[in-house]
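As structure tokens, the structure follows; a few thoughts come after it.
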Amino acid sequence: MAALHAHPRPLRTLTPTLTPRRFGPPRRPRTVRCNASAEPPRRSYSVTLLPGDGIGPEVVSVAKDVLSLAGSHEGIEFRFSEMPIGGAALDLTGVPLPEETLAAAKESDAVLLGAIGGYKWDSNEKHLKPETGLLQLRAGLGVFANLRPATVLPQLIDASTLKKEVAEGVDLMVVRELTGGIYFGKPRGFGTNHEGEEIGFNTEVYSVSEIDRIARVAFEVARKRRGKVCSVDKANVLEASMLWRKRVTYVGLEFPDVQLSHMYVDNAAMQLIRNPKQFDTIVTNNIFGDILSDEASMLTGSIGMLPSASISESGPGLFEPIHGSAPDIAGQDKANPLATVLSAAMLLRYGFGEENAAKRIETAVIETLNRGFRTGDIHSYGTTLVGCKRMGEEVLRSVDSEKLVSAAH
Ligand SMILES: NC(=O)c1ccc[n+]([C@@H]2O[C@H](COP(=O)([O-])OP(=O)(O)OC[C@H]3O[C@@H](n4cnc5c(N)ncnc54)[C@H](O)[C@@H]3O)[C@@H](O)[C@H]2O)c1
């Protein structure tokens, strides 16, 4: 691969803008100070940081610095509080989500999470696993919509396992329903069938209000992107999917400017590999979204680059990289912090409606890649291999760059 820093690409934004007001207002600044000078008023937001386990603290530390610097350029200040979750919380308090952590998260304007989990707690009982703390946090915050962009950056095209001509230009968003469906439906459990054989069972269930609210999020997202929603279901077999299709179609009438199509999930899984460029915004239920968003993320070839946002109706959103705690590289300064940095950009956009600051961060990430800096997971011949801390420093340098002032506005 050619040296990227020798051939800088034009700056571009990773994700288009979205005004989050329709599906949960951006958190209002808690304090607005007007000073006597002509400076614009500063906005102040509280952010709960949940570094978690493994590489979590390393990547959150970088994202915090980037958030602070980008904010300072845009008249925003942050009040950070750091709380334990996952394995770190288990070691400290005996539970994976202490009450104090959930209370702090709920009280704040947004939550930025690193990652949870690790070998040490793998054999714990279910209620004492780090992952249980994360599920409790999502439920506690009521975050029902999970937004996962999958963008193939020209700088990282060689990292994709797909052919260049298939991967090039992919820029899609998966909107996954997060708090309903088969993962939560009742009845569920183990039992015995008529023949006396042991069975396990779960229930896929969706109500009209659950479908309508996630559909609205997807249409709003698409409206600010390329105006296309593809709703993915299994309406040829499942009743819950039949209702899903009916309601998404109905809600779609409120958005005549957005083009709606429907696709069965098995076909969608194929189409994501065959021709991913056809997709703009995909909306789907919890279990299909779980699978398809992982598939979509791998189109980009790098788990260390992918952010996510989980949005509630009115409370704080939860912003986190899609990767886990990567215990194999934890504490070695090898982690790619960019997924968490880009999650911080999503926090600004979807959590606070601070578009300029969000763009500033996204543009800084592109600029840093254009200058050729790469962590191990995205490194290729001709680029400069750096660790987590150095990558953070280079992003900070890009945030400060004069070039970004015009690019971000
Ligand atoms: N949301 C979360 O916090 C979350 C998500 C997935 C897994 N987990 C937990 O994380 C632990 C490890 O799980 P896993 O190994 O299946 O998934 P993982 O995402 O932690 O790691 C998978 C592979 O990707 C690499 N990787 C991940 N993030 C990276 C980054 N930012 N930079 C460079 N390389 C990176 C890792 O080194 C590893 O080789 C488990 O305990 C799991 O339960 C947590």
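Here's how to read the names in the structure tokens: chain A, B, ... by the order shown, residue numbers from 1 in each chain, ligand numbers from 1 in the order shown.
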
Please extract the residues at most 6 Å from ligand 1, counting only C-alpha atoms and all ligand atoms, and provide them as an MDAnalysis selection string, using the chain letters and residue numbers of this document. chainID A and resid 115:118 303:304 322:329 335:337 377

Any chance you could list, as a JSON list (two decimals) with C-alpha atoms, in the first residue's frame, the residues in stretch 159-258 of chain A that come up strand (DSSP E or B) when DSSP is run on the backbone?
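File produced: out33.json:
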```
[["chain", "number", "residue", "atom", "x", "y", "z"],
["A", 171, "ASP", "CA", -21.16, 4.45, 4.21],
["A", 172, "LEU", "CA", -24.11, 2.99, 6.05],
["A", 173, "MET", "CA", -25.80, 3.23, 9.43],
["A", 174, "VAL", "CA", -27.45, 0.35, 11.24],
["A", 175, "VAL", "CA", -30.23, 1.44, 13.58],
["A", 176, "ARG", "CA", -30.88, -1.47, 15.93],
["A", 177, "GLU", "CA", -33.75, -1.75, 18.40],
["A", 189, "GLY", "CA", -36.65, -20.41, 29.98],
["A", 190, "PHE", "CA", -36.13, -24.13, 30.04],
["A", 191, "GLY", "CA", -38.79, -26.80, 30.23],
["A", 192, "THR", "CA", -39.93, -30.17, 28.96],
["A", 198, "GLU", "CA", -35.71, -30.90, 27.64],
["A", 199, "ILE", "CA", -36.31, -27.63, 25.75],
["A", 200, "GLY", "CA", -35.12, -24.04, 25.84],
["A", 201, "PHE", "CA", -37.44, -21.29, 24.61],
["A", 228, "LYS", "CA", -33.02, 5.89, 2.26],
["A", 229, "VAL", "CA", -34.28, 3.45, 4.89],
["A", 230, "CYS", "CA", -34.16, -0.31, 4.42],
["A", 231, "SER", "CA", -36.23, -2.10, 7.07],
["A", 232, "VAL", "CA", -35.00, -5.64, 7.67],
["A", 233, "ASP", "CA", -37.34, -8.32, 9.01]]
```

Closest pair table for stretch 180-259 of chain A residues within 12 Å of stretch 134-146 of chain A, only C-alpha atoms, as CSV:
```
residue,atom,partner,partner_atom,distance
A:Gly180,CA,A:Phe144,CA,7.8
A:Gly181,CA,A:Phe144,CA,11.1
A:Tyr183,CA,A:Leu135,CA,10.9
A:Phe184,CA,A:Ala139,CA,10.5
A:Ser209,CA,A:Phe144,CA,11.7
A:Glu210,CA,A:Phe144,CA,8.6
A:Ile211,CA,A:Phe144,CA,10.4
A:Asp212,CA,A:Ala145,CA,11.6
A:Arg213,CA,A:Ala145,CA,8.7
A:Ile214,CA,A:Ala145,CA,6.3
A:Ala215,CA,A:Ala145,CA,9.6
A:Arg216,CA,A:Ala145,CA,10.3
A:Val217,CA,A:Ala145,CA,7.5
A:Ala218,CA,A:Ala145,CA,9.0
A:Val221,CA,A:Ala145,CA,11.3
```

Find the residues near A:Glu77: any atom within 7 Å, counting only C-alpha atoms, skip ones fewer than 5 places away on the same chain, and give them as JSON, numbers by chain. {"A": [43, 44, 45, 68, 71, 72]}

Applying 10 Å and only C-alpha atoms, which residues near A:Leu112 remain after dropping the ones on its own chain fewer than 6 positions away? List them as a PyMOL selection string. chain A and resi 47-51+60+63-64+80+82+105+309+317-321+340-341+343-344+347

Between A:Tyr381, A:Tyr119, A:Phe288, A:Phe373, smallest distance to A:Glu393 by only C-alpha atoms belongs to A:Phe373

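The residue that comes closest to A:Lys224, out of A:Thr203, A:Leu102, A:Trp244, A:Asp257 and on the basis of only C-alpha atoms, is A:Asp257.
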
Residues of stretch 164-216 of chain A in alpha helix (DSSP H), written as a list in words: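 Reading the DSSP output for stretch 164-216 of chain A, alpha helix (DSSP H) covers Lys164, Glu165, Val166, Ala167, Val208, Ser209, Glu210, Ile211, Asp212, Arg213, Ile214, Ala215 and Arg216 of chain A.
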
Expected file: the selected residues, C-alpha atoms, as a compact mmCIF listing (two decimals), in the first residue's frame:
```txt
# COMPACT_ATOMS: atom_id res chain seq x y z
CA LYS A 164 -11.67 -2.89 -3.17
CA GLU A 165 -14.40 -2.12 -5.71
CA VAL A 166 -17.05 -3.62 -3.38
CA ALA A 167 -15.84 -1.94 -0.19
CA VAL A 208 -46.66 -0.94 18.16
CA SER A 209 -45.08 1.79 20.30
CA GLU A 210 -41.71 0.01 20.37
CA ILE A 211 -41.67 -0.34 16.58
CA ASP A 212 -42.91 3.18 15.91
CA ARG A 213 -40.26 4.90 18.03
CA ILE A 214 -37.32 3.00 16.51
CA ALA A 215 -38.74 3.55 13.02
CA ARG A 216 -38.89 7.29 13.68
```

Write out as a PyMOL selection string each polymer residue whose atoms come within 10 Å of A:Cys388, counting only C-alpha atoms; drop sequence neighbours fewer than 5 positions from it. chain A and resi 55+58-59+61-62+332-338+374-376+393

Selection to disk with C-alpha atoms, as a CSV table (one decimal), in the first residue's frame:
```csv
chain,number,residue,atom,x,y,z
A,55,ILE,CA,-8.0,-1.3,27.1
A,58,GLU,CA,-6.5,3.6,27.8
A,59,VAL,CA,-8.9,4.6,25.1
A,61,SER,CA,-8.3,8.6,28.6
A,62,VAL,CA,-7.5,9.6,25.0
A,332,GLN,CA,0.6,-2.5,26.4
A,333,ASP,CA,-0.2,0.8,24.7
A,334,LYS,CA,-1.3,-1.0,21.6
A,335,ALA,CA,-5.0,-0.2,21.5
A,336,ASN,CA,-6.5,1.9,18.8
A,337,PRO,CA,-8.3,4.8,20.6
A,338,LEU,CA,-10.1,6.1,17.4
A,374,ARG,CA,-1.7,4.0,12.4
A,375,THR,CA,-2.0,1.7,15.4
A,376,GLY,CA,-1.1,-1.9,15.0
A,393,GLU,CA,-1.4,13.1,20.8
```

Measuring atom to atom with only C-alpha atoms, identify which of A:Thr383, A:Thr132, A:Asn267, A:Ser261 is nearest to A:Ala89.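 Among the listed residues, the smallest separation from A:Ala89 belongs to A:Thr132.
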
What's the separation between atom CA of A:Ala345 and atom CA of A:Ala364, in Å to one decimal place?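 Separation of atom CA of A:Ala345 and atom CA of A:Ala364: 10.6 Å.
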